[in-house]
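Following: one structure in structure tokens, then a few remarks.
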Amino acid sequence: MDAPVRELTFAQAIQDALAIALKEDERVFLMGEDIGVYGGAFQVTGDLVERFGEERVMDTPISELGAAGVAVGAALTGTRPILEFQFSDFSMLAMEQIVNQAAKLRYMLGGAVSVPLVFRMPTGSGLGGAAQHSQSLEAWFAHVPGLKVVEPSTPHDAKGLLLAAVADPDPVLIFEHKLLYKMSGPVPEGPYTVPLDKAEIRRSGGDVTIVASAIMSLRALEAAKVLAEQEVDAEVIDLRALRPLDMATIKSSVKKTTRLLCVYEGVKTLGLGAEISAAIAESEAFDYLDAPTIRLGGAESPIPYSPGLEKAAVPQVADIVEAAAKLARGRI
Amino acid sequence: MATEVILPRVDMDMTSGKFSQWFFQEGARVEKGEPLFEIETDKAAMEVDAPASGVLRGVTAKPGDELPVGSVIGWIYAPEEKYETRPVLAKTASEPQRIAPSSGEATHREKTSTEASPGLRATPMARRLARERGVDLKEVSGSGPNGRVQARDIAATERPPAAAGRAPLHSVWLRQGQGAPFVFLHGFGADLNAWRPLIGVLSVARPILALDLPGHGKSALAGAVDFETIVGAVEASLKDNGIGVGHFVGHSLGGAIAGAIAGRRPGLARSLTLISPAGLGPEINDAFRAGFLQARAEETLAPWVRLLTSGETAYQSAMMKTTLRQRADPRLVIGQERIAASIFGGGAQAFSIRESLERLTVPVKVIFGRDDQIIPARHARGLAGAVALHLFAHVGHMPHFEAQAAVARLIEEAAAAGDALSSS
């Protein structure tokens, strides 16, 4: 608990976790396109190939389906692979292995096997990646029983969640928002884990609950500062875990604030916020709602290349401020 | 799915609006954003835009209708949508809950239902709080979009904002009927139920509204406790109940309030019957005030209740019970102590309605018992010549109990004379 703490970027924190996993458990190895000599598309793996060798930091051919198949097979036979997709958008090519194989095998073989496998999923918009490199598809995977899905918003949680994912016996997808890679924060040295099923209250408040994850958590916190100047006291919940969802934390917050705003970058319709909103409406927290539950999600459109439109397509701080203020004042 | 056309809230205080006109007829094509209809508020006429594009159907509002905020007054159907497939709500929406017209001539129903009416908007939390606290949602004015009742509106029924003096008072239509309604205002320390015995012997068929004064019965005390604020709260409550004209009957403090309101709002009172009214003279029995308020038990209350009447009456035990029931609610005790300190402090009456009565041209009757030990009957001396003074021997502060039949007849006479005067 008292390990020295340094400032690391989100990318460095992940690399730190990868290095610890490689060092502590020889069953662990990394796979991915350009993660070796090149150091990864977002320079997350960096010099790990020099430190741990090509057998444990493996460049794969440009075939996501092939790499995922190898990873599932390797996990089944006793190793602990960590597979990086260059962009989570490309995991579409590997859906068969992720959804039909990794998620199902333990169930279909009656618990005789498990698939201890981690998929790293660089995700989200904001870097001008356009329609095929900027999506937020985490809700797709969070819909699948047999998978665990997490999405950190801080370097601390990125490291802790990744180490927890490596230790977990089941397939875990960790979504890494690309805008976070260069953001820094305190990260303890050495190994530690963050639970794969617990949300974190980042700011305590009494007027409105804002539920968000990844970059949206940071925007919600920014919004909360502005809202405080407008005398709206927002509570910000950073989901961290999308499957399973930590509904207990959200429910008790909503019972306190009586208002719920869900902020997520994925397309609004049939998304994460819809699920949370409905789960609250079905729960005992319903009788505490003093306003409709509100979703702020991505536009019903592919992510545009134009920087102005790209920004407009996903919730920004000003959008959160406006929605939360209206909600808290009983104007929605 | 058809879109509701709703009477919107256009300013903060608005609970109802007067519909003035449609800009389109039933069946017309409308475009979203075009002015669709016009409403009038206290302040201005407002155009309201169409909430959707399509065909206007099922319009229910007519010019002059006074409707609660949030009423569904029509529907906009998609062009291809069949009108026959009316949304479920349409049936109830076609008969929006109309507020009693300002003439006060309509048939009134007793407002006692605790069931939410169809189309009523309230958040889950507001519904839960109303359930838990026994609040009738229909009597709560919603501050949310389209008049939606929110938790704070339920809270406001218990703790009204200090400065407002505008908390809705508890009111009950004790009788439905035809004609300008009677409005009954009870005395200090009583509640609207005090009128029930008298009303039982009234023979006229008018609607009867009775209010609980602030800090009495089921009405919260709204902030300031001076006479003006209390009168203002009653006035507002009359407006909420759609009373544009009425025959006012008040006892003691209620008599003073009735006199003050009649003076302030010419045309509101068609007749005035003031029973042992306060506000005519300088003093009031201070020992009674203090002893009456302090009494918490039958033994300590009994001597003060005996002081109210000249001799024994059949209603003494009922009065005792009512009073002791109120003593059980600390908010009422505190409220009534504050009111008493403010307007009867030191045994002086801090207000006067003499000038009000001078100005009135409607029939006014003042009824006193010669043996009144709370407010002396001599206060009725020197009133304007047109005011009829009825003095009862062997009667104390409670003529409406002690001389029930005679008082009922006088009230009916005043009302009949007032109606005759207004139609001549």
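Chain labels follow the order of the structure tokens: the first chain is A, the next B, and so on; residue numbering restarts at 1 in every chain, and ligands are counted from 1 in their shown order.
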- Residues of chain B within 10 Å of chain A, counting only C-alpha atoms, as number ranges by chain: B: 122-129, 143-146, 148-152
- Message: I'd like the contact shell of Val201 in chain B - 12 Å cut-off, only C-alpha atoms, skipping same-chain residues fewer than 3 positions apart - returned as a PyMOL selection string.
- Response: chain B and resi 195-198+204-205+400-401+403-409+411-412
- Task: Would you please extract all strand (DSSP E or B) residues from range 249-422 of chain B, as assigned by DSSP on the backbone, and give them as a PyMOL selection string?
- Result: chain B and resi 249-251+269-275+283+348+364-369+388-392
- Task: Skip range 12-28 of chain A itself and residues of its chain fewer than 3 positions away, then list as a PyMOL selection string all residues within 6 Å of it, counting only C-alpha atoms.
- Result: chain A and resi 8-9+44-45+79-81+155+159
How would the residues just picked look written out with C-alpha atoms as a PDB file, in the first residue's frame?
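Here's the written file selection.pdb:
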```
ATOM      1  CA  LEU A   8       3.142   8.513 -15.157  1.00  0.00           C
ATOM      2  CA  THR A   9       1.183   8.968 -18.309  1.00  0.00           C
ATOM      3  CA  VAL A  44       2.353   1.706 -25.215  1.00  0.00           C
ATOM      4  CA  THR A  45       4.599  -1.364 -25.429  1.00  0.00           C
ATOM      5  CA  THR A  79      -0.678 -19.350 -20.991  1.00  0.00           C
ATOM      6  CA  ARG A  80      -1.886 -15.778 -20.307  1.00  0.00           C
ATOM      7  CA  PRO A  81      -1.819 -13.830 -23.553  1.00  0.00           C
ATOM      8  CA  PRO A 155      -3.264   6.038 -15.160  1.00  0.00           C
ATOM      9  CA  LYS A 159      -2.468  -0.187 -14.390  1.00  0.00           C
TER      10      LYS A 159
END
```
Which residues are near range 162-177 of chain A? Cut-off 9 Å, only C-alpha atoms, ignore same chain within fewer than 2 positions. Put them as a compact mmCIF listing (two decimals) with N, CA and C atoms, in the first residue's frame.
```
# COMPACT_ATOMS: atom_id res chain seq x y z
N PHE A 10 -0.82 7.78 -18.85
CA PHE A 10 -1.72 6.63 -18.97
C PHE A 10 -1.00 5.51 -19.74
N ILE A 14 0.25 1.75 -18.32
CA ILE A 14 -0.10 0.45 -18.93
C ILE A 14 1.18 -0.35 -19.19
N ALA A 17 2.34 -1.86 -16.08
CA ALA A 17 1.57 -3.06 -15.74
C ALA A 17 2.01 -4.24 -16.58
N LEU A 18 2.22 -3.99 -17.88
CA LEU A 18 2.64 -5.08 -18.78
C LEU A 18 3.99 -5.63 -18.33
N ILE A 20 5.33 -5.55 -15.34
CA ILE A 20 5.18 -6.30 -14.09
C ILE A 20 4.61 -7.68 -14.37
N ALA A 21 3.58 -7.73 -15.23
CA ALA A 21 2.95 -9.02 -15.55
C ALA A 21 3.95 -9.96 -16.21
N VAL A 28 2.73 -15.19 -19.05
CA VAL A 28 2.22 -14.00 -19.73
C VAL A 28 3.07 -13.69 -20.96
N VAL A 72 -6.67 -17.20 -28.12
CA VAL A 72 -7.65 -18.03 -27.43
C VAL A 72 -7.08 -19.44 -27.21
N ARG A 80 -1.06 -16.97 -20.59
CA ARG A 80 -1.89 -15.78 -20.31
C ARG A 80 -1.55 -14.69 -21.32
N PRO A 81 -2.14 -14.81 -22.52
CA PRO A 81 -1.82 -13.83 -23.55
C PRO A 81 -2.51 -12.48 -23.32
N ILE A 82 -1.82 -11.43 -23.75
CA ILE A 82 -2.41 -10.09 -23.77
C ILE A 82 -2.31 -9.62 -25.22
N SER A 88 -9.49 -0.47 -31.54
CA SER A 88 -10.54 -1.41 -31.16
C SER A 88 -11.50 -1.65 -32.32
N ILE A 98 -13.62 -13.66 -30.30
CA ILE A 98 -13.92 -13.01 -29.01
C ILE A 98 -15.29 -13.45 -28.48
N ALA A 102 -13.89 -17.18 -27.14
CA ALA A 102 -13.38 -16.80 -25.82
C ALA A 102 -14.49 -16.70 -24.77
N ALA A 103 -15.62 -16.08 -25.17
CA ALA A 103 -16.68 -15.84 -24.20
C ALA A 103 -17.45 -17.10 -23.85
N ARG A 106 -15.63 -21.67 -21.69
CA ARG A 106 -15.75 -22.16 -20.32
C ARG A 106 -17.16 -22.70 -20.07
N SER A 114 -10.80 -22.60 -18.85
CA SER A 114 -11.12 -21.18 -18.84
C SER A 114 -10.20 -20.49 -19.84
N VAL A 115 -10.54 -19.27 -20.17
CA VAL A 115 -9.79 -18.54 -21.20
C VAL A 115 -9.21 -17.27 -20.57
N PRO A 116 -8.09 -17.39 -19.88
CA PRO A 116 -7.51 -16.22 -19.21
C PRO A 116 -6.76 -15.35 -20.21
N LEU A 117 -7.50 -14.44 -20.82
CA LEU A 117 -6.99 -13.71 -21.97
C LEU A 117 -7.38 -12.24 -21.82
N VAL A 118 -6.45 -11.34 -22.16
CA VAL A 118 -6.75 -9.91 -22.09
C VAL A 118 -6.67 -9.31 -23.50
N PHE A 119 -7.74 -8.60 -23.87
CA PHE A 119 -7.72 -7.84 -25.12
C PHE A 119 -7.55 -6.37 -24.78
N ARG A 120 -6.52 -5.74 -25.34
CA ARG A 120 -6.35 -4.29 -25.15
C ARG A 120 -6.96 -3.56 -26.33
N MET A 121 -7.82 -2.58 -26.03
CA MET A 121 -8.69 -2.00 -27.05
C MET A 121 -8.55 -0.47 -27.11
N PRO A 122 -7.56 0.07 -27.84
CA PRO A 122 -7.48 1.53 -28.01
C PRO A 122 -8.77 2.03 -28.66
N THR A 123 -9.38 3.03 -28.07
CA THR A 123 -10.76 3.34 -28.46
C THR A 123 -11.02 4.84 -28.50
N GLY A 124 -12.13 5.20 -29.10
CA GLY A 124 -12.66 6.56 -29.00
C GLY A 124 -12.19 7.52 -30.06
N SER A 125 -12.82 8.70 -30.04
CA SER A 125 -12.55 9.74 -31.04
C SER A 125 -11.69 10.84 -30.43
N SER A 136 -16.53 3.93 -30.48
CA SER A 136 -16.59 3.47 -29.09
C SER A 136 -17.54 2.27 -29.08
N GLU A 138 -17.51 -0.36 -26.91
CA GLU A 138 -17.48 -1.15 -25.68
C GLU A 138 -18.82 -1.77 -25.31
N PHE A 141 -19.47 -5.29 -26.68
CA PHE A 141 -18.86 -6.41 -25.95
C PHE A 141 -19.48 -6.59 -24.57
N GLY A 146 -20.01 -13.78 -20.44
CA GLY A 146 -18.77 -14.53 -20.63
C GLY A 146 -17.58 -13.62 -20.83
N LEU A 147 -17.85 -12.35 -21.15
CA LEU A 147 -16.76 -11.38 -21.26
C LEU A 147 -16.81 -10.45 -20.06
N LYS A 148 -15.66 -9.92 -19.70
CA LYS A 148 -15.61 -8.83 -18.74
C LYS A 148 -15.08 -7.61 -19.47
N VAL A 149 -15.66 -6.45 -19.20
CA VAL A 149 -15.29 -5.24 -19.94
C VAL A 149 -15.00 -4.12 -18.95
N VAL A 150 -13.82 -3.55 -19.05
CA VAL A 150 -13.46 -2.43 -18.18
C VAL A 150 -12.95 -1.27 -19.02
N GLU A 151 -13.01 -0.07 -18.42
CA GLU A 151 -12.63 1.13 -19.17
C GLU A 151 -12.09 2.18 -18.19
N PRO A 152 -10.78 2.20 -17.98
CA PRO A 152 -10.21 3.12 -16.99
C PRO A 152 -10.21 4.57 -17.47
N SER A 153 -10.16 5.49 -16.50
CA SER A 153 -10.06 6.90 -16.85
C SER A 153 -8.80 7.54 -16.29
N ASP A 157 -5.82 3.62 -12.48
CA ASP A 157 -6.77 2.54 -12.74
C ASP A 157 -6.38 1.71 -13.95
N ALA A 158 -5.73 2.36 -14.94
CA ALA A 158 -5.30 1.62 -16.12
C ALA A 158 -4.36 0.50 -15.71
N LYS A 159 -3.42 0.83 -14.84
CA LYS A 159 -2.47 -0.19 -14.39
C LYS A 159 -3.16 -1.24 -13.52
N GLY A 160 -3.93 -0.79 -12.56
CA GLY A 160 -4.57 -1.71 -11.63
C GLY A 160 -5.58 -2.63 -12.31
N LEU A 179 -7.40 9.42 -26.19
CA LEU A 179 -7.09 10.76 -25.69
C LEU A 179 -6.44 10.72 -24.32
N LEU A 180 -6.57 9.58 -23.63
CA LEU A 180 -6.02 9.49 -22.28
C LEU A 180 -4.53 9.14 -22.27
N TYR A 181 -4.03 8.54 -23.37
CA TYR A 181 -2.68 7.98 -23.35
C TYR A 181 -1.63 8.97 -22.85
N PRO A 191 3.27 -4.02 -8.11
CA PRO A 191 1.97 -4.59 -8.48
C PRO A 191 0.85 -4.17 -7.53
N TYR A 192 -0.30 -3.91 -8.09
CA TYR A 192 -1.55 -3.73 -7.32
C TYR A 192 -2.68 -3.96 -8.31
N THR A 193 -3.85 -4.23 -7.80
CA THR A 193 -5.00 -4.41 -8.71
C THR A 193 -6.15 -3.48 -8.32
N VAL A 194 -6.98 -3.21 -9.32
CA VAL A 194 -8.23 -2.47 -9.12
C VAL A 194 -9.34 -3.44 -9.48
N PRO A 195 -10.35 -3.60 -8.65
CA PRO A 195 -11.38 -4.60 -8.93
C PRO A 195 -12.06 -4.40 -10.29
N LEU A 196 -12.40 -5.50 -10.93
CA LEU A 196 -12.98 -5.45 -12.27
C LEU A 196 -14.49 -5.18 -12.24
N ALA A 214 -14.12 6.51 -18.74
CA ALA A 214 -12.98 6.96 -19.55
C ALA A 214 -12.94 8.47 -19.69
N ILE A 215 -12.76 8.97 -20.92
CA ILE A 215 -12.60 10.41 -21.11
C ILE A 215 -13.84 11.16 -20.65
```
- Item | Within 10 Å of Ala278 in chain B using only C-alpha atoms, minus same-chain residues under 3 positions, as a list in words |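 Non-adjacent residues within range: Gly187, Phe188, Gly250, His251, Ser252, Leu253, Gly254, Gly255, Ala256, Ile257, Gly259, Leu274, Ile275, Gly281, Pro282, Glu283, Ile284, Phe344, Gln349, Ala350, Phe351, Ser352, Ile353, Ile374, Ile375, Pro376, His379 and Ala380 of chain B.
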The selected residues should be written to file as a compact mmCIF listing (two decimals), in the first residue's frame (atoms: N, CA and C atoms).
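So the final result, stored in out-v4.txt, reads:
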```
# COMPACT_ATOMS: atom_id res chain seq x y z
N GLY B 187 -62.58 31.00 12.69
CA GLY B 187 -61.91 31.89 13.62
C GLY B 187 -60.57 31.35 14.08
N PHE B 188 -59.87 32.18 14.86
CA PHE B 188 -58.56 31.79 15.39
C PHE B 188 -58.69 30.52 16.23
N GLY B 250 -67.62 34.97 7.83
CA GLY B 250 -66.42 34.80 8.63
C GLY B 250 -66.72 34.91 10.11
N HIS B 251 -65.99 34.14 10.88
CA HIS B 251 -66.15 34.20 12.34
C HIS B 251 -64.88 34.74 12.98
N SER B 252 -65.03 35.74 13.83
CA SER B 252 -63.91 36.24 14.62
C SER B 252 -62.77 36.70 13.71
N LEU B 253 -61.58 36.07 13.80
CA LEU B 253 -60.48 36.44 12.89
C LEU B 253 -60.90 36.25 11.43
N GLY B 254 -61.65 35.17 11.17
CA GLY B 254 -62.14 34.93 9.80
C GLY B 254 -63.05 36.04 9.33
N GLY B 255 -63.81 36.64 10.27
CA GLY B 255 -64.67 37.76 9.92
C GLY B 255 -63.85 38.96 9.50
N ALA B 256 -62.77 39.20 10.25
CA ALA B 256 -61.90 40.32 9.91
C ALA B 256 -61.26 40.11 8.53
N ILE B 257 -60.86 38.86 8.27
CA ILE B 257 -60.23 38.57 6.97
C ILE B 257 -61.24 38.76 5.84
N GLY B 259 -63.81 40.72 5.85
CA GLY B 259 -64.03 42.16 5.69
C GLY B 259 -62.90 42.82 4.94
N LEU B 274 -70.58 38.76 9.05
CA LEU B 274 -69.45 38.70 9.96
C LEU B 274 -69.95 38.34 11.35
N ILE B 275 -69.50 37.20 11.84
CA ILE B 275 -69.97 36.70 13.13
C ILE B 275 -68.89 36.98 14.17
N GLY B 281 -62.54 46.78 16.89
CA GLY B 281 -62.22 47.56 18.08
C GLY B 281 -60.79 47.32 18.53
N PRO B 282 -60.40 47.96 19.61
CA PRO B 282 -58.98 47.94 19.99
C PRO B 282 -58.53 46.68 20.71
N GLU B 283 -59.42 46.06 21.52
CA GLU B 283 -58.86 45.03 22.40
C GLU B 283 -59.47 43.65 22.15
N ILE B 284 -58.82 42.65 22.70
CA ILE B 284 -59.30 41.27 22.66
C ILE B 284 -58.88 40.63 23.97
N PHE B 344 -52.51 39.70 17.85
CA PHE B 344 -53.28 39.95 19.08
C PHE B 344 -52.36 40.23 20.25
N GLN B 349 -55.79 44.43 19.19
CA GLN B 349 -55.98 43.98 17.82
C GLN B 349 -55.16 44.87 16.88
N ALA B 350 -54.23 44.27 16.20
CA ALA B 350 -53.26 45.05 15.43
C ALA B 350 -53.76 45.36 14.02
N PHE B 351 -55.06 45.35 13.83
CA PHE B 351 -55.58 45.59 12.47
C PHE B 351 -57.01 46.08 12.61
N SER B 352 -57.52 46.69 11.57
CA SER B 352 -58.90 47.19 11.60
C SER B 352 -59.55 47.00 10.24
N ILE B 353 -60.83 46.64 10.25
CA ILE B 353 -61.55 46.52 8.98
C ILE B 353 -62.66 47.57 8.88
N ILE B 374 -64.86 37.34 24.57
CA ILE B 374 -63.58 37.36 23.84
C ILE B 374 -63.42 38.71 23.15
N ILE B 375 -64.39 39.04 22.31
CA ILE B 375 -64.42 40.37 21.67
C ILE B 375 -65.73 41.02 22.10
N PRO B 376 -65.66 42.11 22.80
CA PRO B 376 -66.91 42.69 23.33
C PRO B 376 -67.83 43.18 22.22
N HIS B 379 -67.85 46.62 20.30
CA HIS B 379 -67.01 46.96 19.15
C HIS B 379 -67.85 47.22 17.89
N ALA B 380 -69.07 46.69 17.90
CA ALA B 380 -69.92 46.85 16.71
C ALA B 380 -70.57 48.22 16.65
```
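Considering the residues B:Ala388, B:Val225, B:Ala45, B:Leu421 and counting only C-alpha atoms, Ile339 in chain B has its shortest atom-to-atom contact with B:Val225.
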- Test item: residues at most 10 Å from Ser317 in chain B, only C-alpha atoms, excluding those fewer than 6 positions along its chain, as a ChimeraX atom specification: /B:298,302,305,323
- Residue contacts of Met92 in chain A (9 Å, only C-alpha atoms) excluding same-chain residues fewer than 4 positions away, as a ChimeraX atom specification: /A:64-65,88,96
Resulting file, chosen residues, C-alpha atoms, as an mmCIF file, in the first residue's frame:
```cif
data_model
loop_
_atom_site.group_PDB
_atom_site.id
_atom_site.type_symbol
_atom_site.label_atom_id
_atom_site.label_comp_id
_atom_site.auth_asym_id
_atom_site.auth_seq_id
_atom_site.Cartn_x
_atom_site.Cartn_y
_atom_site.Cartn_z
ATOM 1 C CA GLU A 64 -6.860 -9.801 -36.251
ATOM 2 C CA LEU A 65 -8.877 -12.979 -36.584
ATOM 3 C CA SER A 88 -10.544 -1.415 -31.157
ATOM 4 C CA GLU A 96 -15.818 -14.826 -33.988
#
```
- Query: Can you list every residue in range 251-292 of chain A that DSSP puts in helix (DSSP H, G or I), as a PyMOL selection string?
  - Reply: chain A and resi 251-257+272-282+284-288
Please save C-alpha atoms of the selected residues as an mmCIF file, in the first residue's frame.
```
data_model
loop_
_atom_site.group_PDB
_atom_site.id
_atom_site.type_symbol
_atom_site.label_atom_id
_atom_site.label_comp_id
_atom_site.auth_asym_id
_atom_site.auth_seq_id
_atom_site.Cartn_x
_atom_site.Cartn_y
_atom_site.Cartn_z
ATOM 1 C CA LYS A 251 -28.450 3.180 -7.291
ATOM 2 C CA SER A 252 -27.350 4.532 -3.955
ATOM 3 C CA SER A 253 -26.113 7.712 -5.619
ATOM 4 C CA VAL A 254 -29.390 8.240 -7.476
ATOM 5 C CA LYS A 255 -31.322 7.664 -4.272
ATOM 6 C CA LYS A 256 -29.302 10.507 -2.811
ATOM 7 C CA THR A 257 -29.379 12.982 -5.687
ATOM 8 C CA LEU A 272 -24.523 2.151 -22.167
ATOM 9 C CA GLY A 273 -26.685 4.997 -20.852
ATOM 10 C CA ALA A 274 -29.847 3.291 -22.034
ATOM 11 C CA GLU A 275 -28.936 0.219 -19.998
ATOM 12 C CA ILE A 276 -28.085 2.156 -16.839
ATOM 13 C CA SER A 277 -31.153 4.343 -17.164
ATOM 14 C CA ALA A 278 -33.414 1.333 -17.575
ATOM 15 C CA ALA A 279 -31.773 -0.548 -14.720
ATOM 16 C CA ILE A 280 -32.408 2.426 -12.439
ATOM 17 C CA ALA A 281 -36.027 2.657 -13.588
ATOM 18 C CA GLU A 282 -36.461 -1.037 -12.754
ATOM 19 C CA GLU A 284 -35.953 0.518 -5.979
ATOM 20 C CA ALA A 285 -34.230 3.792 -6.919
ATOM 21 C CA PHE A 286 -37.170 4.506 -9.259
ATOM 22 C CA ASP A 287 -39.211 5.971 -6.436
ATOM 23 C CA TYR A 288 -36.408 8.422 -5.773
#
```
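Closest approach to Asp153 in chain B among B:Lys138, B:Lys82, B:Lys365, B:Arg265: B:Lys138, based on only C-alpha atoms.
Of the residues listed (A:Leu261, A:Ala328, A:Ala11, A:Met95), A:Ala328 shows the shortest atom-to-atom separation from Ala228 in chain A; distances use only C-alpha atoms.
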- Task: Using only C-alpha atoms, pick whichever of A:Arg6, A:Ala312, A:Gly40, A:Asp34 has the shortest atom-to-atom distance to Pro61 in chain A.
- Result: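 Ranking A:Arg6, A:Ala312, A:Gly40, A:Asp34 by distance to Pro61 in chain A, first place goes to A:Asp34.
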